[in-house]
Amino acid sequence: MTETTSKTKVPAAALSAMGAAPRGADTELARSETVEVRLATNPAEIEAALRLRYDVFYREHGAKPSAEMAAREQDFDRFDDVADHLLVVDSSRGVGAAGVVGTYRLMRRPHAAILGTFYTASEYDISRLTTFPKEVLELGRSCVHSDYRNRATMQLLWKGIASYVFRYKIGLMFGCASMPGTDVDAVATQLSYLHHAHLAPEDLRARALPDLYVEMNRIPAEQIDGKRVIASLPPLIKGYLRLGGFVGEGAVVDPQFNTTDVCVIVKTDAITEKYFKHYERAAQDEDHG
């Protein structure tokens, strides 16, 4: 469910407020040899991310682009103008935009305040999430170039997100995560497993909007082989579950993206505990450098 209005040509003076960090800012979040994870620093890098999203979502996975998206060969909506764009950049492929091989769209409360909403609110009632006492982070539009879909890239990407979480003191992450296809019967086992084993506690339970709500409880828990189902889940959803993530109540079918969506919620305790000592040590090294 995507709104297709986007300015995309963001004035340089507005970059820090509208999704791209200004040049010279501390934008790097993680690095490994020639590959780094950092925030986009200019409109060209954001547009490279939008083109990558188009290649993955529309060319590979059969999403249905609007006429404007098809003409520009970019996936975009109004949220791209205000969000932070996390990039995976391989300098061996090219400098800046030419090296973009992965992306994640990140939105905090200050970003959402510009438009008055988060993207996830188009599918779910997230009022219990947006009122969380600490800063919240919406994760979305994640994709990686087919040549980089490996453990090393995903680990680097998660390290980048962990650094971002630590930097902005994020207490809760959420977003729409997808399973391929719009036939809910085909993913009935996965939906049922998530409902039975990973339903969010009441105080953090987003709920699919009434006109979009698809029941997830489709198969009794005793008929489900949890280990087998986990192995069949998309890598992104498995990654959230490994961090102790939950799902909201109800799924949503997204015909445009050819997916069945669930709302994933992750308290960041697991991330911040895992990486706190690392970043604290790095800060101390800088102080004594």
# chains A, B, ... in the order shown; residues from 1 in each chain; ligands from 1
$ residues_around --residues "Arg207 (chain A)" --least-positions-apart "6" --cutoff "8 Å" --atoms "only C-alpha atoms" --output "PyMOL selection string"
chain A and resi 124-126+248-250
$ select_by_dssp --residues "region 37-220 of chain A" --states "strand (DSSP E)" --output "PyMOL selection string"
chain A and resi 37-39+84-90+100-108+124-125+135-144+170-180+207-208
$ write_last_selection --atoms "N, CA and C atoms" --output "short mmCIF file (atom, residue, chain, number, x, y, z; two decimals), in the first residue's frame"
data_model
loop_
_atom_site.label_atom_id
_atom_site.label_comp_id
_atom_site.auth_asym_id
_atom_site.auth_seq_id
_atom_site.Cartn_x
_atom_site.Cartn_y
_atom_site.Cartn_z
N VAL A 37 28.27 0.67 5.73
CA VAL A 37 26.86 0.99 5.95
C VAL A 37 26.82 2.40 6.53
N ARG A 38 26.08 3.28 5.85
CA ARG A 38 26.02 4.68 6.28
C ARG A 38 24.72 5.30 5.81
N LEU A 39 24.50 6.52 6.26
CA LEU A 39 23.32 7.26 5.82
C LEU A 39 23.61 7.95 4.49
N ASP A 84 15.41 9.00 6.97
CA ASP A 84 16.82 8.69 6.80
C ASP A 84 16.91 7.46 5.90
N HIS A 85 17.88 7.47 4.99
CA HIS A 85 18.07 6.33 4.10
C HIS A 85 19.39 5.67 4.44
N LEU A 86 19.30 4.48 5.03
CA LEU A 86 20.49 3.70 5.35
C LEU A 86 20.95 3.00 4.08
N LEU A 87 22.23 3.08 3.78
CA LEU A 87 22.76 2.50 2.55
C LEU A 87 23.86 1.49 2.85
N VAL A 88 23.91 0.45 2.04
CA VAL A 88 25.07 -0.42 1.98
C VAL A 88 25.81 -0.01 0.71
N VAL A 89 27.05 0.42 0.87
CA VAL A 89 27.81 0.95 -0.26
C VAL A 89 29.11 0.16 -0.42
N ASP A 90 29.32 -0.39 -1.61
CA ASP A 90 30.55 -1.10 -1.92
C ASP A 90 31.39 -0.21 -2.83
N VAL A 100 25.88 1.84 -4.34
CA VAL A 100 24.77 1.43 -3.47
C VAL A 100 24.27 0.04 -3.83
N VAL A 101 24.35 -0.88 -2.86
CA VAL A 101 23.93 -2.27 -3.10
C VAL A 101 22.89 -2.74 -2.07
N GLY A 102 22.50 -1.86 -1.16
CA GLY A 102 21.49 -2.22 -0.18
C GLY A 102 20.92 -0.96 0.45
N THR A 103 19.71 -1.07 0.99
CA THR A 103 19.10 0.12 1.60
C THR A 103 18.04 -0.29 2.61
N TYR A 104 17.80 0.61 3.54
CA TYR A 104 16.76 0.48 4.56
C TYR A 104 16.23 1.89 4.81
N ARG A 105 14.93 2.05 4.89
CA ARG A 105 14.36 3.36 5.19
C ARG A 105 14.07 3.45 6.68
N LEU A 106 14.60 4.50 7.32
CA LEU A 106 14.49 4.66 8.76
C LEU A 106 13.73 5.94 9.08
N MET A 107 12.71 5.82 9.92
CA MET A 107 11.93 6.99 10.32
C MET A 107 11.75 7.03 11.83
N ARG A 108 12.17 8.15 12.42
CA ARG A 108 11.94 8.40 13.84
C ARG A 108 10.79 9.39 14.00
N TYR A 124 -1.79 -0.50 9.83
CA TYR A 124 -2.01 -0.92 11.21
C TYR A 124 -2.32 0.25 12.12
N ASP A 125 -3.10 -0.04 13.15
CA ASP A 125 -3.27 0.91 14.26
C ASP A 125 -2.03 0.77 15.12
N GLU A 135 12.26 6.86 22.36
CA GLU A 135 12.22 7.12 20.92
C GLU A 135 11.88 5.83 20.17
N VAL A 136 11.13 5.96 19.09
CA VAL A 136 10.76 4.81 18.28
C VAL A 136 11.35 4.96 16.88
N LEU A 137 11.49 3.83 16.20
CA LEU A 137 12.08 3.79 14.87
C LEU A 137 11.27 2.88 13.98
N GLU A 138 10.77 3.43 12.87
CA GLU A 138 10.09 2.62 11.88
C GLU A 138 11.11 2.15 10.84
N LEU A 139 11.15 0.84 10.62
CA LEU A 139 12.01 0.23 9.62
C LEU A 139 11.17 -0.15 8.41
N GLY A 140 11.66 0.16 7.21
CA GLY A 140 10.90 -0.19 6.03
C GLY A 140 11.73 -0.20 4.76
N ARG A 141 11.12 -0.71 3.70
CA ARG A 141 11.71 -0.71 2.35
C ARG A 141 13.12 -1.31 2.34
N SER A 142 13.28 -2.42 3.04
CA SER A 142 14.58 -3.07 3.08
C SER A 142 14.81 -3.90 1.82
N CYS A 143 15.95 -3.75 1.21
CA CYS A 143 16.31 -4.61 0.09
C CYS A 143 17.82 -4.58 -0.14
N VAL A 144 18.33 -5.67 -0.71
CA VAL A 144 19.75 -5.82 -0.99
C VAL A 144 19.91 -6.38 -2.40
N ILE A 170 17.11 4.69 20.55
CA ILE A 170 15.85 4.09 20.16
C ILE A 170 15.44 3.03 21.17
N GLY A 171 14.20 3.08 21.62
CA GLY A 171 13.70 2.08 22.56
C GLY A 171 12.85 1.01 21.91
N LEU A 172 12.28 1.32 20.74
CA LEU A 172 11.35 0.39 20.09
C LEU A 172 11.44 0.55 18.58
N MET A 173 11.52 -0.57 17.89
CA MET A 173 11.49 -0.57 16.42
C MET A 173 10.23 -1.29 15.95
N PHE A 174 9.71 -0.85 14.81
CA PHE A 174 8.55 -1.53 14.24
C PHE A 174 8.52 -1.30 12.74
N GLY A 175 7.68 -2.06 12.07
CA GLY A 175 7.53 -1.88 10.63
C GLY A 175 6.76 -3.04 10.02
N CYS A 176 6.41 -2.89 8.76
CA CYS A 176 5.71 -3.94 8.03
C CYS A 176 6.74 -4.86 7.39
N ALA A 177 6.68 -6.14 7.71
CA ALA A 177 7.55 -7.14 7.09
C ALA A 177 6.68 -8.05 6.23
N SER A 178 7.25 -8.51 5.13
CA SER A 178 6.41 -9.15 4.11
C SER A 178 6.78 -10.61 3.86
N MET A 179 5.75 -11.37 3.51
CA MET A 179 5.91 -12.69 2.95
C MET A 179 5.44 -12.63 1.50
N PRO A 180 6.11 -13.32 0.59
CA PRO A 180 5.75 -13.19 -0.82
C PRO A 180 4.38 -13.77 -1.13
N ARG A 207 -2.54 -3.46 15.61
CA ARG A 207 -3.62 -4.28 15.04
C ARG A 207 -3.94 -3.80 13.64
N ALA A 208 -4.07 -4.76 12.72
CA ALA A 208 -4.40 -4.42 11.34
C ALA A 208 -5.68 -3.60 11.30
#
$ atom_distance --atom1 "CA of Val95 (chain A)" --atom2 "CA of Glu45 (chain A)"
10.1 Å
$ select_by_dssp --residues "region 52-203 of chain A" --states "alpha helix (DSSP H)" --output "ChimeraX atom specification"
/A:52-54,67-72,109-115,127-130,151-167,188-198
$ closest_residue --among "A:Arg167, A:Arg149, A:Arg78, A:Arg128" --to "Val56 (chain A)" --atoms "only C-alpha atoms"
A:Arg149
$ atom_distance --atom1 "CA of Leu29 (chain A)" --atom2 "CA of Thr130 (chain A)"
25.0 Å
$ atom_distance --atom1 "CA of Arg109 (chain A)" --atom2 "CA of Glu202 (chain A)"
21.9 Å
$ residues_around --residues "Ile114 (chain A)" --least-positions-apart "2" --cutoff "12 Å" --atoms "only C-alpha atoms" --output "PyMOL selection string"
chain A and resi 17-19+78-83+107-112+116-118
$ write_last_selection --atoms "C-alpha atoms" --output "PDB file, in the first residue's frame"
ATOM      1  CA  ALA A  17      15.793  17.494   7.924  1.00  0.00           C
ATOM      2  CA  MET A  18      14.573  15.448   4.956  1.00  0.00           C
ATOM      3  CA  GLY A  19      16.329  12.127   4.807  1.00  0.00           C
ATOM      4  CA  ARG A  78       6.074  10.760   0.222  1.00  0.00           C
ATOM      5  CA  PHE A  79       7.890   9.231   3.184  1.00  0.00           C
ATOM      6  CA  ASP A  80      11.152   9.085   1.231  1.00  0.00           C
ATOM      7  CA  ASP A  81      11.383  12.866   1.349  1.00  0.00           C
ATOM      8  CA  VAL A  82      11.607  12.953   5.137  1.00  0.00           C
ATOM      9  CA  ALA A  83      13.210   9.650   6.183  1.00  0.00           C
ATOM     10  CA  MET A 107      11.927   6.991  10.321  1.00  0.00           C
ATOM     11  CA  ARG A 108      11.941   8.403  13.840  1.00  0.00           C
ATOM     12  CA  ARG A 109       9.320  10.608  15.479  1.00  0.00           C
ATOM     13  CA  PRO A 110      10.891  13.862  14.136  1.00  0.00           C
ATOM     14  CA  HIS A 111      10.583  12.488  10.593  1.00  0.00           C
ATOM     15  CA  ALA A 112       6.994  11.331  11.062  1.00  0.00           C
ATOM     16  CA  GLY A 116       1.939  13.672  10.670  1.00  0.00           C
ATOM     17  CA  THR A 117       2.161   9.882  10.368  1.00  0.00           C
ATOM     18  CA  PHE A 118       4.289   6.784   9.868  1.00  0.00           C
TER      19      PHE A 118
END
$ residues_around --residues "Ala251 (chain A)" --least-positions-apart "4" --cutoff "8 Å" --atoms "only C-alpha atoms" --output "MDAnalysis selection string"
chainID A and resid 191 208 212:216 260:263
$ write_last_selection --atoms "C-alpha atoms" --output "mmCIF file, in the first residue's frame"
data_model
loop_
_atom_site.group_PDB
_atom_site.id
_atom_site.type_symbol
_atom_site.label_atom_id
_atom_site.label_comp_id
_atom_site.auth_asym_id
_atom_site.auth_seq_id
_atom_site.Cartn_x
_atom_site.Cartn_y
_atom_site.Cartn_z
ATOM 1 C CA LEU A 191 0.902 -16.718 9.868
ATOM 2 C CA ALA A 208 -4.395 -4.417 11.340
ATOM 3 C CA LEU A 212 -7.571 -4.619 5.831
ATOM 4 C CA TYR A 213 -7.569 -7.176 8.662
ATOM 5 C CA VAL A 214 -6.712 -10.779 7.733
ATOM 6 C CA GLU A 215 -6.966 -13.395 10.481
ATOM 7 C CA MET A 216 -3.581 -14.955 11.301
ATOM 8 C CA THR A 260 1.190 -10.527 2.749
ATOM 9 C CA ASP A 261 2.374 -8.206 5.516
ATOM 10 C CA VAL A 262 2.748 -8.579 9.251
ATOM 11 C CA CYS A 263 3.634 -5.822 11.694
#
$ closest_residue --among "A:Phe76, A:Tyr119, A:Phe132, A:Phe246" --to "Ala197 (chain A)" --atoms "only C-alpha atoms"
A:Phe246
